[in-house]
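Here's upload_24.cif, which has mmCIF, C-alpha atoms and all ligand atoms:
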```
data_my_file
loop_
_atom_site.label_atom_id
_atom_site.label_comp_id
_atom_site.auth_asym_id
_atom_site.auth_seq_id
_atom_site.Cartn_x
_atom_site.Cartn_y
_atom_site.Cartn_z
CA MET A 1 -59.19 -108.92 -51.95
CA TYR A 2 -60.64 -109.39 -48.51
CA SER A 3 -62.26 -111.88 -46.15
CA PRO A 4 -64.10 -111.87 -42.85
CA ALA A 5 -62.21 -112.00 -39.58
CA SER A 6 -62.39 -115.29 -37.70
CA SER A 7 -65.68 -116.06 -35.98
CA ASP A 8 -63.66 -116.51 -32.80
CA ASP A 9 -62.90 -112.81 -32.83
CA ALA A 10 -66.33 -111.21 -32.65
CA LEU A 11 -65.05 -107.65 -32.43
CA SER A 12 -62.75 -107.53 -35.42
CA GLU A 13 -64.05 -107.08 -38.92
CA MET A 14 -62.89 -107.84 -42.41
CA ARG A 15 -59.25 -108.56 -43.20
CA TYR A 16 -57.25 -108.77 -46.40
CA GLY A 17 -56.68 -112.27 -47.74
CA LEU A 18 -58.52 -115.52 -48.40
CA THR A 19 -60.84 -117.76 -46.42
CA SER A 20 -60.13 -121.47 -46.38
CA GLU A 21 -63.37 -123.23 -47.30
CA ALA A 22 -62.21 -126.28 -45.34
CA SER A 23 -62.49 -124.08 -42.25
CA LYS A 24 -66.24 -124.51 -42.61
CA LEU A 25 -68.70 -127.35 -42.35
CA ASN A 26 -69.71 -128.70 -45.77
CA VAL A 27 -73.52 -128.76 -45.88
CA ASN A 28 -73.49 -131.56 -48.44
CA ALA A 29 -71.38 -133.84 -46.26
CA ALA A 30 -72.65 -132.84 -42.82
CA HIS A 31 -74.83 -135.07 -40.70
CA THR A 32 -77.51 -133.99 -38.27
CA THR A 33 -75.09 -134.67 -35.43
CA ASN A 34 -72.65 -132.13 -36.92
CA LEU A 35 -75.14 -129.42 -37.85
CA ILE A 36 -77.00 -129.45 -34.55
CA HIS A 37 -74.02 -127.89 -32.74
CA LEU A 38 -74.15 -124.68 -34.77
CA PRO A 39 -75.52 -121.57 -33.05
CA ARG A 40 -79.22 -121.04 -33.96
CA MET A 41 -79.49 -124.40 -35.74
CA THR A 42 -82.60 -126.40 -34.85
CA ALA A 43 -83.70 -129.98 -35.40
CA GLN A 44 -86.57 -128.66 -37.54
CA LEU A 45 -84.23 -126.70 -39.83
CA ILE A 46 -82.03 -129.77 -40.23
CA ALA A 47 -85.01 -132.03 -40.99
CA GLY A 48 -86.18 -129.54 -43.63
CA LEU A 49 -82.71 -129.44 -45.13
CA ARG A 50 -82.32 -133.22 -45.21
CA ASP A 51 -85.67 -133.71 -46.94
CA PHE A 52 -84.75 -130.94 -49.40
CA VAL A 53 -81.56 -132.74 -50.45
CA ASP A 54 -82.46 -136.42 -50.07
CA TRP A 55 -83.64 -138.48 -53.03
CA ASP A 56 -86.78 -139.89 -51.51
CA SER A 57 -90.21 -138.31 -51.08
CA THR A 58 -90.70 -139.57 -47.57
CA VAL A 59 -91.25 -136.76 -45.12
CA ARG A 60 -89.12 -137.27 -42.06
CA PRO A 61 -90.34 -136.11 -38.64
CA ASP A 62 -90.38 -132.28 -38.70
CA GLY A 63 -89.27 -132.38 -42.34
CA ALA A 64 -90.79 -131.08 -45.58
CA GLU A 65 -90.81 -132.70 -49.01
CA GLN A 66 -91.98 -131.43 -52.41
CA ASP A 67 -95.64 -131.34 -51.27
CA PHE A 68 -94.82 -128.54 -48.87
CA TYR A 69 -93.12 -126.45 -51.57
CA ASP A 70 -95.93 -127.14 -54.06
CA ALA A 71 -98.33 -125.48 -51.64
CA LEU A 72 -96.31 -122.25 -51.42
CA PRO A 73 -97.68 -119.11 -53.15
CA ARG A 74 -94.77 -119.48 -55.60
CA ALA A 75 -94.13 -123.17 -55.87
CA TYR A 76 -90.73 -124.49 -56.92
CA THR A 77 -89.01 -127.82 -57.37
CA ILE A 78 -86.67 -128.84 -54.59
CA ARG A 79 -83.11 -129.97 -55.17
CA ASN A 80 -83.28 -133.66 -54.19
CA GLY A 81 -79.49 -133.69 -54.35
CA ALA A 82 -76.41 -131.87 -53.16
CA LEU A 83 -76.58 -128.06 -53.05
CA ASP A 84 -74.53 -126.18 -55.65
CA THR A 85 -74.44 -122.91 -53.73
CA LEU A 86 -74.91 -121.89 -50.13
CA ASP A 87 -77.68 -119.50 -51.16
CA GLU A 88 -79.84 -122.49 -52.09
CA LEU A 89 -80.34 -122.87 -48.36
CA LEU A 90 -82.74 -119.93 -48.69
CA LEU A 91 -85.06 -122.24 -50.65
CA VAL A 92 -85.24 -124.66 -47.73
CA ARG A 93 -88.20 -124.32 -45.39
CA GLY A 94 -87.28 -122.18 -42.40
CA PHE A 95 -83.96 -120.83 -43.70
CA THR A 96 -84.19 -117.04 -43.96
CA PRO A 97 -81.68 -114.38 -45.04
CA ALA A 98 -81.51 -113.37 -41.38
CA LEU A 99 -80.39 -116.89 -40.45
CA LEU A 100 -77.98 -117.28 -43.36
CA TYR A 101 -76.37 -113.83 -43.30
CA GLY A 102 -77.20 -112.75 -39.77
CA GLU A 103 -77.04 -109.01 -39.22
CA ASP A 104 -74.68 -108.38 -42.13
CA ALA A 105 -77.34 -107.24 -44.61
CA ASN A 106 -74.84 -105.73 -47.09
CA MET A 107 -72.48 -108.72 -46.83
CA ASN A 108 -69.37 -106.63 -46.24
CA TRP A 109 -68.42 -108.40 -42.98
CA ARG A 110 -68.47 -105.05 -41.17
CA LEU A 111 -70.87 -103.81 -38.54
CA ASP A 112 -72.60 -100.93 -40.29
CA VAL A 113 -74.68 -98.41 -38.36
CA ASN A 114 -77.98 -99.87 -39.53
CA GLU A 115 -76.77 -103.32 -38.46
CA ASN A 116 -76.36 -102.21 -34.86
CA ASP A 117 -79.45 -100.09 -34.23
CA GLY A 118 -82.01 -102.76 -33.39
CA ASP A 119 -85.17 -102.51 -35.44
CA GLU A 120 -84.76 -98.84 -36.27
CA ARG A 121 -83.46 -99.57 -39.74
CA PHE A 122 -83.18 -102.75 -41.79
CA PRO A 123 -81.91 -105.29 -40.89
CA SER A 124 -83.24 -106.29 -37.53
CA ASP A 125 -80.29 -106.71 -35.17
CA ASN A 126 -79.59 -107.00 -31.46
CA ALA A 127 -77.55 -103.77 -31.16
CA ASP A 128 -74.86 -105.50 -29.10
CA GLY A 129 -71.92 -103.98 -30.94
CA LYS A 130 -70.98 -107.32 -32.52
CA LEU A 131 -71.72 -108.52 -36.00
CA ASP A 132 -73.56 -111.83 -36.19
CA ARG A 133 -72.74 -113.23 -39.64
CA GLY A 134 -75.25 -116.05 -39.46
CA PHE A 135 -74.84 -119.58 -40.80
CA SER A 136 -72.78 -118.33 -43.75
CA GLN A 137 -69.72 -118.01 -41.50
CA PHE A 138 -69.90 -121.70 -40.59
CA LEU A 139 -71.12 -123.41 -43.74
CA THR A 140 -69.87 -124.09 -47.25
CA VAL A 141 -70.69 -126.30 -50.22
CA ALA A 142 -67.27 -125.85 -51.83
CA SER A 143 -64.80 -127.78 -49.70
CA TYR A 144 -63.23 -131.11 -50.58
CA ASP A 145 -59.83 -132.63 -49.99
CA PRO A 146 -58.25 -134.59 -52.87
CA ASN A 147 -57.02 -138.03 -51.88
CA GLU A 148 -53.43 -137.19 -52.71
CA ASP A 149 -50.36 -136.26 -50.74
CA ASN A 150 -49.01 -132.78 -50.24
CA GLU A 151 -47.03 -133.12 -53.48
CA GLY A 152 -50.22 -133.85 -55.42
CA ILE A 153 -49.39 -137.55 -55.91
CA PRO A 154 -52.26 -140.04 -55.37
CA ARG A 155 -51.85 -141.78 -52.03
CA THR A 156 -51.01 -145.46 -51.66
CA ASN A 157 -53.94 -147.58 -50.52
CA LEU A 158 -52.71 -149.69 -47.63
CA ASN A 159 -55.46 -152.25 -48.19
CA LEU A 160 -54.75 -152.89 -51.87
CA ALA A 161 -52.08 -155.54 -52.17
CA ASN A 162 -50.90 -154.34 -55.59
CA ASP A 163 -50.89 -150.61 -54.94
CA PRO A 164 -47.20 -149.60 -55.23
CA LEU A 165 -45.54 -148.02 -52.23
CA PRO A 166 -44.60 -144.32 -52.41
CA GLN A 167 -41.42 -143.53 -54.31
CA ILE A 168 -39.58 -142.31 -51.24
CA GLU A 169 -37.53 -144.07 -48.61
CA LEU A 170 -39.81 -145.27 -45.85
CA PRO A 171 -38.72 -146.47 -42.39
CA ALA A 172 -37.88 -150.17 -42.71
CA PRO A 173 -40.30 -151.31 -39.96
CA LEU A 174 -43.13 -149.53 -41.75
CA THR A 175 -42.34 -151.13 -45.12
CA ASN A 176 -42.20 -154.50 -43.43
CA PHE A 177 -45.43 -153.86 -41.56
CA ILE A 178 -47.30 -152.95 -44.74
CA TYR A 179 -45.91 -156.03 -46.45
CA GLN A 180 -47.12 -158.30 -43.63
CA LEU A 181 -50.44 -156.49 -43.46
CA ARG A 182 -51.07 -157.19 -47.12
CA THR A 183 -49.64 -160.71 -47.07
CA ASN A 184 -51.90 -161.67 -44.19
CA LYS A 185 -54.90 -159.98 -45.85
CA GLN A 186 -55.53 -157.76 -42.88
CA SER A 187 -56.91 -154.31 -43.43
CA VAL A 188 -56.93 -151.03 -41.56
CA ALA A 189 -59.83 -148.59 -41.44
CA HIS A 190 -57.68 -145.48 -41.74
CA PRO A 191 -53.93 -144.79 -41.98
CA VAL A 192 -54.07 -143.36 -38.46
CA ASP A 193 -54.59 -146.94 -37.29
CA LEU A 194 -50.90 -147.60 -38.01
CA LEU A 195 -50.05 -145.39 -35.05
CA ASP A 196 -48.61 -147.58 -32.27
CA ALA A 197 -50.07 -150.57 -34.15
CA LYS A 198 -49.14 -154.21 -33.72
CA LEU A 199 -49.91 -156.92 -36.22
CA THR A 200 -50.25 -160.54 -35.17
CA TRP A 201 -50.63 -163.52 -37.43
CA THR A 202 -50.04 -167.25 -37.56
CA ASN A 203 -47.37 -168.57 -39.88
CA ALA A 204 -47.86 -171.59 -42.12
CA ASN A 205 -46.00 -173.76 -39.60
CA GLY A 206 -48.44 -172.72 -36.86
CA THR A 207 -46.14 -170.33 -35.01
CA LYS A 208 -47.51 -166.99 -33.89
CA ALA A 209 -45.80 -163.88 -35.12
CA GLU A 210 -46.09 -160.25 -34.06
CA LEU A 211 -44.82 -157.06 -35.65
CA ALA A 212 -44.93 -153.40 -34.61
CA SER A 213 -45.60 -150.69 -37.19
CA GLY A 214 -42.89 -148.44 -35.82
CA VAL A 215 -45.24 -145.51 -36.41
CA GLY A 216 -45.11 -143.13 -33.47
CA LYS A 217 -45.71 -139.41 -33.14
CA GLU A 218 -42.72 -138.58 -35.33
CA GLU A 219 -43.66 -140.87 -38.24
CA LEU A 220 -47.31 -139.88 -38.11
CA ALA A 221 -47.16 -136.91 -40.47
CA LEU A 222 -45.48 -139.01 -43.15
CA VAL A 223 -48.03 -141.82 -42.84
CA LEU A 224 -51.06 -139.53 -42.93
CA ASP A 225 -49.71 -137.74 -45.98
CA LEU A 226 -48.70 -140.75 -48.08
CA PHE A 227 -51.31 -143.38 -47.34
CA THR A 228 -55.03 -143.93 -47.61
CA THR A 229 -57.50 -146.74 -47.15
CA SER A 230 -60.02 -145.33 -49.60
CA ASN A 231 -60.42 -145.71 -53.34
CA GLU A 232 -62.26 -142.40 -53.51
CA SER A 233 -60.47 -139.59 -55.32
CA ARG A 234 -61.59 -137.01 -52.78
CA PHE A 235 -63.00 -136.57 -49.32
CA ASP A 236 -65.89 -134.19 -48.79
CA GLY A 237 -66.45 -132.44 -45.51
CA LEU A 238 -63.09 -132.73 -43.77
CA ILE A 239 -62.54 -129.81 -41.42
CA ASP A 240 -59.25 -127.89 -41.55
CA VAL A 241 -57.84 -128.06 -38.06
CA ASN A 242 -55.57 -125.09 -38.76
CA THR A 243 -58.25 -122.56 -39.73
CA ALA A 244 -61.65 -123.70 -38.42
CA SER A 245 -63.27 -121.61 -35.70
CA ILE A 246 -64.24 -123.03 -32.33
CA ALA A 247 -67.87 -123.20 -33.46
CA VAL A 248 -66.98 -125.26 -36.54
CA LEU A 249 -64.51 -127.55 -34.74
CA ARG A 250 -67.30 -128.16 -32.23
CA THR A 251 -69.43 -129.73 -35.00
CA VAL A 252 -66.88 -132.53 -35.50
CA GLN A 253 -67.90 -135.82 -33.91
CA GLY A 254 -65.62 -136.34 -30.91
CA ILE A 255 -64.64 -132.68 -30.44
CA ASP A 256 -66.34 -130.92 -27.56
CA GLU A 257 -66.12 -127.26 -26.64
CA PRO A 258 -63.02 -127.51 -24.38
CA LEU A 259 -61.15 -129.52 -27.02
CA ALA A 260 -62.14 -127.05 -29.76
CA GLU A 261 -60.75 -124.26 -27.59
CA SER A 262 -57.53 -126.21 -26.95
CA ILE A 263 -57.06 -126.73 -30.68
CA VAL A 264 -57.53 -123.05 -31.47
CA SER A 265 -55.17 -121.91 -28.71
CA GLY A 266 -52.67 -124.71 -29.45
CA ARG A 267 -52.30 -123.90 -33.14
CA ARG A 268 -51.13 -120.34 -32.50
CA SER A 269 -47.62 -121.55 -31.70
CA ILE A 270 -47.31 -124.15 -34.46
CA SER A 271 -44.85 -123.34 -37.24
CA PRO A 272 -46.18 -123.28 -40.81
CA GLU A 273 -44.19 -126.43 -41.68
CA ARG A 274 -45.72 -128.44 -38.85
CA ARG A 275 -49.17 -127.12 -39.70
CA GLY A 276 -48.89 -129.19 -42.88
CA SER A 277 -50.08 -132.22 -40.94
CA LEU A 278 -52.63 -133.03 -38.27
CA ALA A 279 -49.84 -134.71 -36.34
CA TRP A 280 -49.21 -131.60 -34.25
CA LEU A 281 -52.43 -132.28 -32.35
CA LEU A 282 -50.80 -135.38 -30.89
CA GLN A 283 -47.22 -134.10 -30.78
CA GLU A 284 -48.27 -131.04 -28.78
CA GLY A 285 -50.40 -133.09 -26.41
CA VAL A 286 -53.65 -131.42 -27.43
CA VAL A 287 -55.14 -134.92 -27.68
CA ASP A 288 -54.02 -138.41 -26.63
CA VAL A 289 -53.62 -141.37 -28.99
CA PRO A 290 -57.19 -142.77 -28.69
CA LYS A 291 -58.72 -139.31 -29.26
CA PHE A 292 -56.39 -138.65 -32.17
CA LYS A 293 -57.43 -141.92 -33.80
CA GLU A 294 -61.07 -141.00 -33.29
CA ILE A 295 -61.00 -137.53 -34.83
CA ALA A 296 -58.18 -137.70 -37.41
CA PRO A 297 -60.37 -139.31 -40.12
CA LEU A 298 -62.69 -136.28 -39.93
CA LEU A 299 -59.99 -133.63 -40.18
CA THR A 300 -57.50 -132.19 -42.63
CA ALA A 301 -54.60 -129.78 -42.25
CA ARG A 302 -55.04 -128.01 -45.55
CA SER A 303 -57.56 -126.38 -47.83
CA ARG A 304 -57.70 -126.49 -51.60
CA GLN A 305 -60.68 -124.14 -51.99
CA PHE A 306 -60.70 -120.51 -50.98
CA SER A 307 -63.28 -117.77 -50.94
CA PHE A 308 -62.89 -114.01 -50.91
CA HIS A 309 -64.50 -110.78 -52.00
CA VAL A 310 -62.68 -108.48 -54.36
CA VAL A 311 -63.35 -104.85 -55.09
CA GLY A 312 -62.28 -103.08 -58.25
CA TYR A 313 -62.32 -99.32 -58.05
CA GLY A 314 -61.76 -96.74 -60.76
CA VAL A 315 -60.09 -93.42 -59.99
CA PRO A 316 -61.30 -90.77 -60.60
CA SER A 317 -64.61 -92.06 -61.95
CA GLY A 318 -65.52 -93.65 -58.64
CA ARG A 319 -67.08 -96.58 -60.42
CA TYR A 320 -66.57 -99.88 -58.74
CA ARG A 321 -67.54 -103.52 -58.73
CA VAL A 322 -67.60 -105.99 -55.90
CA LEU A 323 -67.37 -109.71 -56.57
CA GLU A 324 -67.71 -112.75 -54.37
CA VAL A 325 -65.41 -115.51 -55.56
CA ILE A 326 -64.58 -119.11 -54.70
CA ILE A 327 -61.54 -120.71 -56.29
CA ASP A 328 -60.55 -124.37 -56.35
CA VAL A 329 -56.82 -125.05 -56.60
CA ALA A 330 -57.05 -128.82 -56.16
CA GLY A 331 -56.64 -129.64 -59.84
CA ASP A 332 -53.82 -128.94 -62.27
CA GLU A 333 -55.11 -125.43 -62.87
CA PRO A 334 -56.95 -123.19 -60.42
CA ARG A 335 -60.63 -122.84 -61.29
CA ILE A 336 -63.20 -120.24 -60.33
CA THR A 337 -66.10 -122.33 -59.08
CA TYR A 338 -68.34 -119.54 -57.88
CA LEU A 339 -68.72 -115.91 -58.88
CA ARG A 340 -71.38 -113.49 -57.72
CA ASP A 341 -71.65 -109.76 -58.34
CA LEU A 342 -72.31 -107.96 -55.04
CA THR A 343 -71.97 -104.44 -56.44
CA LYS A 344 -75.61 -103.60 -55.80
CA LEU A 345 -75.02 -104.02 -52.07
CA GLY A 346 -72.76 -100.96 -52.12
CA MET A 347 -69.12 -100.13 -51.59
CA PRO A 348 -68.05 -102.52 -48.81
CA PHE A 349 -65.75 -100.13 -46.98
CA PRO A 350 -64.41 -96.60 -47.35
CA LEU A 351 -61.20 -96.43 -49.34
CA THR A 352 -58.25 -94.63 -47.80
CA GLY A 353 -55.00 -93.41 -49.32
CA PRO A 354 -53.79 -90.17 -50.91
CA GLU A 355 -55.35 -90.75 -54.31
CA MET A 356 -58.65 -91.85 -52.81
CA THR A 357 -59.31 -88.75 -50.74
CA THR A 358 -59.46 -86.19 -53.49
CA THR A 359 -61.93 -85.60 -56.24
CA ALA A 360 -63.34 -89.02 -56.94
CA SER A 361 -67.02 -89.13 -57.58
CA ASN A 362 -69.63 -91.47 -58.85
CA GLY A 363 -71.79 -89.37 -61.09
CA GLY A 364 -72.35 -86.53 -58.67
CA ALA A 365 -70.19 -84.13 -56.68
CA ARG A 366 -68.78 -85.89 -53.69
CA GLY A 367 -65.84 -85.03 -51.50
CA ALA A 368 -63.76 -86.76 -48.90
CA THR A 369 -65.17 -87.53 -45.48
CA ARG A 370 -62.92 -88.00 -42.47
CA SER A 371 -59.94 -88.48 -44.79
CA THR A 372 -61.73 -91.43 -46.32
CA MET A 373 -63.98 -91.38 -49.28
CA GLU A 374 -67.51 -92.58 -49.12
CA VAL A 375 -68.88 -94.05 -52.26
CA PRO A 376 -72.61 -94.06 -52.89
CA ARG A 377 -74.37 -97.34 -53.30
CA GLY A 378 -74.05 -98.51 -56.87
CA CA B 1 -87.06 -137.29 -47.43
CA CA B 2 -72.36 -104.99 -42.89
CA CA B 3 -81.08 -102.55 -37.73
CA CA B 4 -75.26 -107.92 -33.15
#
```
Represent the supplied structure as structure tokens.
Amino acid sequence: MYSPASSDDALSEMRYGLTSEASKLNVNAAHTTNLIHLPRMTAQLIAGLRDFVDWDSTVRPDGAEQDFYDALPRAYTIRNGALDTLDELLLVRGFTPALLYGEDANMNWRLDVNENDGDERFPSDNADGKLDRGFSQFLTVASYDPNEDNEGIPRTNLNLANDPLPQIELPAPLTNFIYQLRTNKQSVAHPVDLLDAKLTWTNANGTKAELASGVGKEELALVLDLFTTSNESRFDGLIDVNTASIAVLRTVQGIDEPLAESIVSGRRSISPERRGSLAWLLQEGVVDVPKFKEIAPLLTARSRQFSFHVVGYGVPSGRYRVLEVIIDVAGDEPRITYLRDLTKLGMPFPLTGPEMTTTASNGGARGATRSTMEVPRG
């Protein structure tokens, strides 16, 4: 089971483990203002994409609706809805395999010789010693964050007067604040608005009253975990602040390049427990209170969908299969939501180890090379 190295580390290659899908920008939830920050993305590509997925037949400036696809040598019907797979991007005007997968023609997340020799062999590449993995490293269609706390319990909606409070002991000022909020029919846009919040109202006898939420940096993690202001069961497109690359963080409204870099360098020293909440951004001084309130509604500190490739290899037959998998662990039982057989693209990397260096073959005689075994393309 393996995954690509982080996009922030252009020189390292694949690694063992999973990729958090929330580390990527969800195409189906992204706006033009998010997408435009991605390397190689253009306004024309985005316009084509938006027309491809929107429900109307109105061609936006620089866009392309069904008429364009009807005129292709092989016409096809466009989606007019959310994409099911990232590969559907290849059906959108202007999106090419070179843009989606970059130089990684065999999708193994490693810089193979033919991927670093310019135009000498397929694919075309810039021979700079680094693997450009294209849009696929930044984009997903699989990510969503259930509107429930870290225990899997649906969050309490602050704005619904009858929604019961969480079954844990809350700080008394917070309980009181929520009570007054609801009693006075005031609402908040997002739980983060309870941070340093004050509520003012006029009592029946005409006197003014004021109450502080008591939510500071230390109470923030609890509040963000337990409360919501939305009736939706899930949020699409939140970006995982703990795993997103600089390039993906940069697509979030309100996060510029220096802030994206501060987040990535700041999170290296955060313990796994504190990574469970966005609150560390504020607690560590990566952002101030106004900036935190601006960006927190767009972020998450967890992922419930993961992607990886897995290789199964038979010794001594040398037969193998390579699968691309996305799993969703948000529900009661983990589900495989995407499965693609990549075997025809070849063995992704040479296998090493005592039993792999001997007599394995794949139909023909084949020995060990440099103490690793090379497997022919399936
Ligand atoms: Ca349209
Ligand atoms: Ca490759
Ligand atoms: Ca090449
Ligand atoms: Ca390159």
Environment of ligand CA 3 (chain B) within 12 Å, counting all atoms listed in the file, reported as a PyMOL selection string: chain A and resi 98+102-106+111-129+131
Taking (-83.5, -127.5, -58.2) as a centre in this file's frame and 12 Å as the limit, can you find every polymer residue with an atom that close, using only C-alpha atoms, and give them as a PyMOL selection string? chain A and resi 52-53+66+69+75-85+88-89+91-92
If you count all atoms listed in the file, which residues fall within 8 Å of Met1 of chain A, apart from same-chain ones fewer than 4 positions away, as a CSV table (one decimal) with C-alpha atoms, in the frame of the given file?
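What landed in part.csv:
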```
chain,number,residue,atom,x,y,z
A,16,TYR,CA,-57.2,-108.8,-46.4
A,17,GLY,CA,-56.7,-112.3,-47.7
A,18,LEU,CA,-58.5,-115.5,-48.4
A,308,PHE,CA,-62.9,-114.0,-50.9
A,309,HIS,CA,-64.5,-110.8,-52.0
A,310,VAL,CA,-62.7,-108.5,-54.4
A,311,VAL,CA,-63.4,-104.8,-55.1
```
If we count only C-alpha atoms, what is near Pro334 of chain A at a cut-off of 12 Å, once residues fewer than 4 positions away on the same chain are taken out, given as a short mmCIF file (atom, residue, chain, number, x, y, z; two decimals) with C-alpha atoms, in the coordinates of the input?
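New file around.cif:
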```cif
data_model
loop_
_atom_site.label_atom_id
_atom_site.label_comp_id
_atom_site.auth_asym_id
_atom_site.auth_seq_id
_atom_site.Cartn_x
_atom_site.Cartn_y
_atom_site.Cartn_z
CA ARG A 304 -57.70 -126.49 -51.60
CA GLN A 305 -60.68 -124.14 -51.99
CA PHE A 306 -60.70 -120.51 -50.98
CA ILE A 326 -64.58 -119.11 -54.70
CA ILE A 327 -61.54 -120.71 -56.29
CA ASP A 328 -60.55 -124.37 -56.35
CA VAL A 329 -56.82 -125.05 -56.60
CA ALA A 330 -57.05 -128.82 -56.16
#
```
May I have the centre and edge lengths, in Å to one decimal, of an axis-aligned box around the listed atoms of segment 162-175 of chain A with 3 Å added to every side, as JSON?
```
{"center_x": -44.2, "center_y": -148.3, "center_z": -47.8, "size_x": 19.4, "size_y": 18.0, "size_z": 21.6}
```
Near-ligand residues for ligand CA 1 (chain B), threshold 10 Å, all atoms listed in the file, as number ranges by chain: A: 47-61, 63-66, 80
Set the distance at 12 Å and use all atoms listed in the file: which residues neighbour Leu238 of chain A once local chain neighbours fewer than 6 positions away are removed? I'd like the list as a PyMOL selection string. chain A and resi 20-30+34+140-147+244+248-249+251-253+278+295-304
Could you write out the selected residues, including C-alpha atoms, as a CSV table (one decimal), keeping the file's coordinate frame?
```csv
chain,number,residue,atom,x,y,z
A,20,SER,CA,-60.1,-121.5,-46.4
A,21,GLU,CA,-63.4,-123.2,-47.3
A,22,ALA,CA,-62.2,-126.3,-45.3
A,23,SER,CA,-62.5,-124.1,-42.2
A,24,LYS,CA,-66.2,-124.5,-42.6
A,25,LEU,CA,-68.7,-127.4,-42.4
A,26,ASN,CA,-69.7,-128.7,-45.8
A,27,VAL,CA,-73.5,-128.8,-45.9
A,28,ASN,CA,-73.5,-131.6,-48.4
A,29,ALA,CA,-71.4,-133.8,-46.3
A,30,ALA,CA,-72.6,-132.8,-42.8
A,34,ASN,CA,-72.6,-132.1,-36.9
A,140,THR,CA,-69.9,-124.1,-47.2
A,141,VAL,CA,-70.7,-126.3,-50.2
A,142,ALA,CA,-67.3,-125.8,-51.8
A,143,SER,CA,-64.8,-127.8,-49.7
A,144,TYR,CA,-63.2,-131.1,-50.6
A,145,ASP,CA,-59.8,-132.6,-50.0
A,146,PRO,CA,-58.2,-134.6,-52.9
A,147,ASN,CA,-57.0,-138.0,-51.9
A,244,ALA,CA,-61.6,-123.7,-38.4
A,248,VAL,CA,-67.0,-125.3,-36.5
A,249,LEU,CA,-64.5,-127.6,-34.7
A,251,THR,CA,-69.4,-129.7,-35.0
A,252,VAL,CA,-66.9,-132.5,-35.5
A,253,GLN,CA,-67.9,-135.8,-33.9
A,278,LEU,CA,-52.6,-133.0,-38.3
A,295,ILE,CA,-61.0,-137.5,-34.8
A,296,ALA,CA,-58.2,-137.7,-37.4
A,297,PRO,CA,-60.4,-139.3,-40.1
A,298,LEU,CA,-62.7,-136.3,-39.9
A,299,LEU,CA,-60.0,-133.6,-40.2
A,300,THR,CA,-57.5,-132.2,-42.6
A,301,ALA,CA,-54.6,-129.8,-42.2
A,302,ARG,CA,-55.0,-128.0,-45.6
A,303,SER,CA,-57.6,-126.4,-47.8
A,304,ARG,CA,-57.7,-126.5,-51.6
```
Using all atoms listed in the file, collect all residues at a distance of at most 12 Å from (-49.9, -133.8, -35.0) as written in the file, then present them as number ranges by chain. A: 192, 195, 216-225, 241-242, 263, 266-267, 270-271, 273-289, 291-293, 295-296, 299-301
Against segment 230-234 of chain A, which residues of segment 129-179 of chain A fall within 12 Å? For each one I want the closest pair of atoms and the distance in Å (one decimal), counting all atoms listed in the file, rows by chain and increasing residue number, as CSV.
```
residue,atom,partner,partner_atom,distance
A:Ser143,CA,A:Arg234,CA,10.2
A:Tyr144,CA,A:Arg234,CA,6.5
A:Asp145,CA,A:Arg234,CA,5.5
A:Pro146,CA,A:Arg234,CA,4.1
A:Asn147,CA,A:Arg234,CA,4.8
A:Glu148,CA,A:Ser233,CA,7.9
A:Asp149,CA,A:Arg234,CA,11.4
A:Gly152,CA,A:Ser233,CA,11.7
A:Ile153,CA,A:Ser233,CA,11.3
A:Pro154,CA,A:Ser233,CA,8.2
A:Arg155,CA,A:Ser230,CA,9.2
A:Thr156,CA,A:Ser230,CA,9.2
A:Asn157,CA,A:Ser230,CA,6.5
A:Leu158,CA,A:Ser230,CA,8.7
A:Asn159,CA,A:Ser230,CA,8.4
A:Leu160,CA,A:Asn231,CA,9.3
A:Asp163,CA,A:Asn231,CA,10.8
```
Pick from A:Asn203, A:Gln44, A:Glu333, A:Trp109, whichever lies nearest to ligand CA 4 (chain B) using all atoms listed in the file: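 Answer, going by the shortest atom-to-atom distance: A:Trp109.
Proximity to ligand CA 4 (chain B) was assessed for A:Asp132, A:Asp256, A:Asp67, A:Glu13 counting all atoms listed in the file; the smallest distance is recorded for A:Asp132.
Taking atom CA of Leu90 of chain A as the reference point, atom CA of Arg340 of chain A is found at 15.9 Å.
Counting all atoms listed in the file and comparing A:Arg133, A:Met41, A:Asp8, A:Gly94, the residue that lies closest to ligand CA 4 (chain B) is A:Arg133.
Atom CA of Leu351 of chain A sits 9.2 Å away from atom CA of Tyr313 of chain A.
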Grab the atom CA of Lys198 of chain A to atom CA of Gly214 of chain A distance for me, in Å with one decimal place.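 Value for the atom CA of Lys198 of chain A-atom CA of Gly214 of chain A distance: 8.8 Å.
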May I have the residues within 9 Å of Ile46 of chain A as a list in words, using only C-alpha atoms and disregarding those fewer than 6 positions away in the same chain? His31, Thr32, Leu35, Ile36, Asp62 and Gly63 of chain A
Here is a test: counting all atoms listed in the file, which residue of A:Ala260, A:Ala71, A:Tyr101, A:Pro39 is nearest to ligand CA 2 (chain B)? A:Tyr101
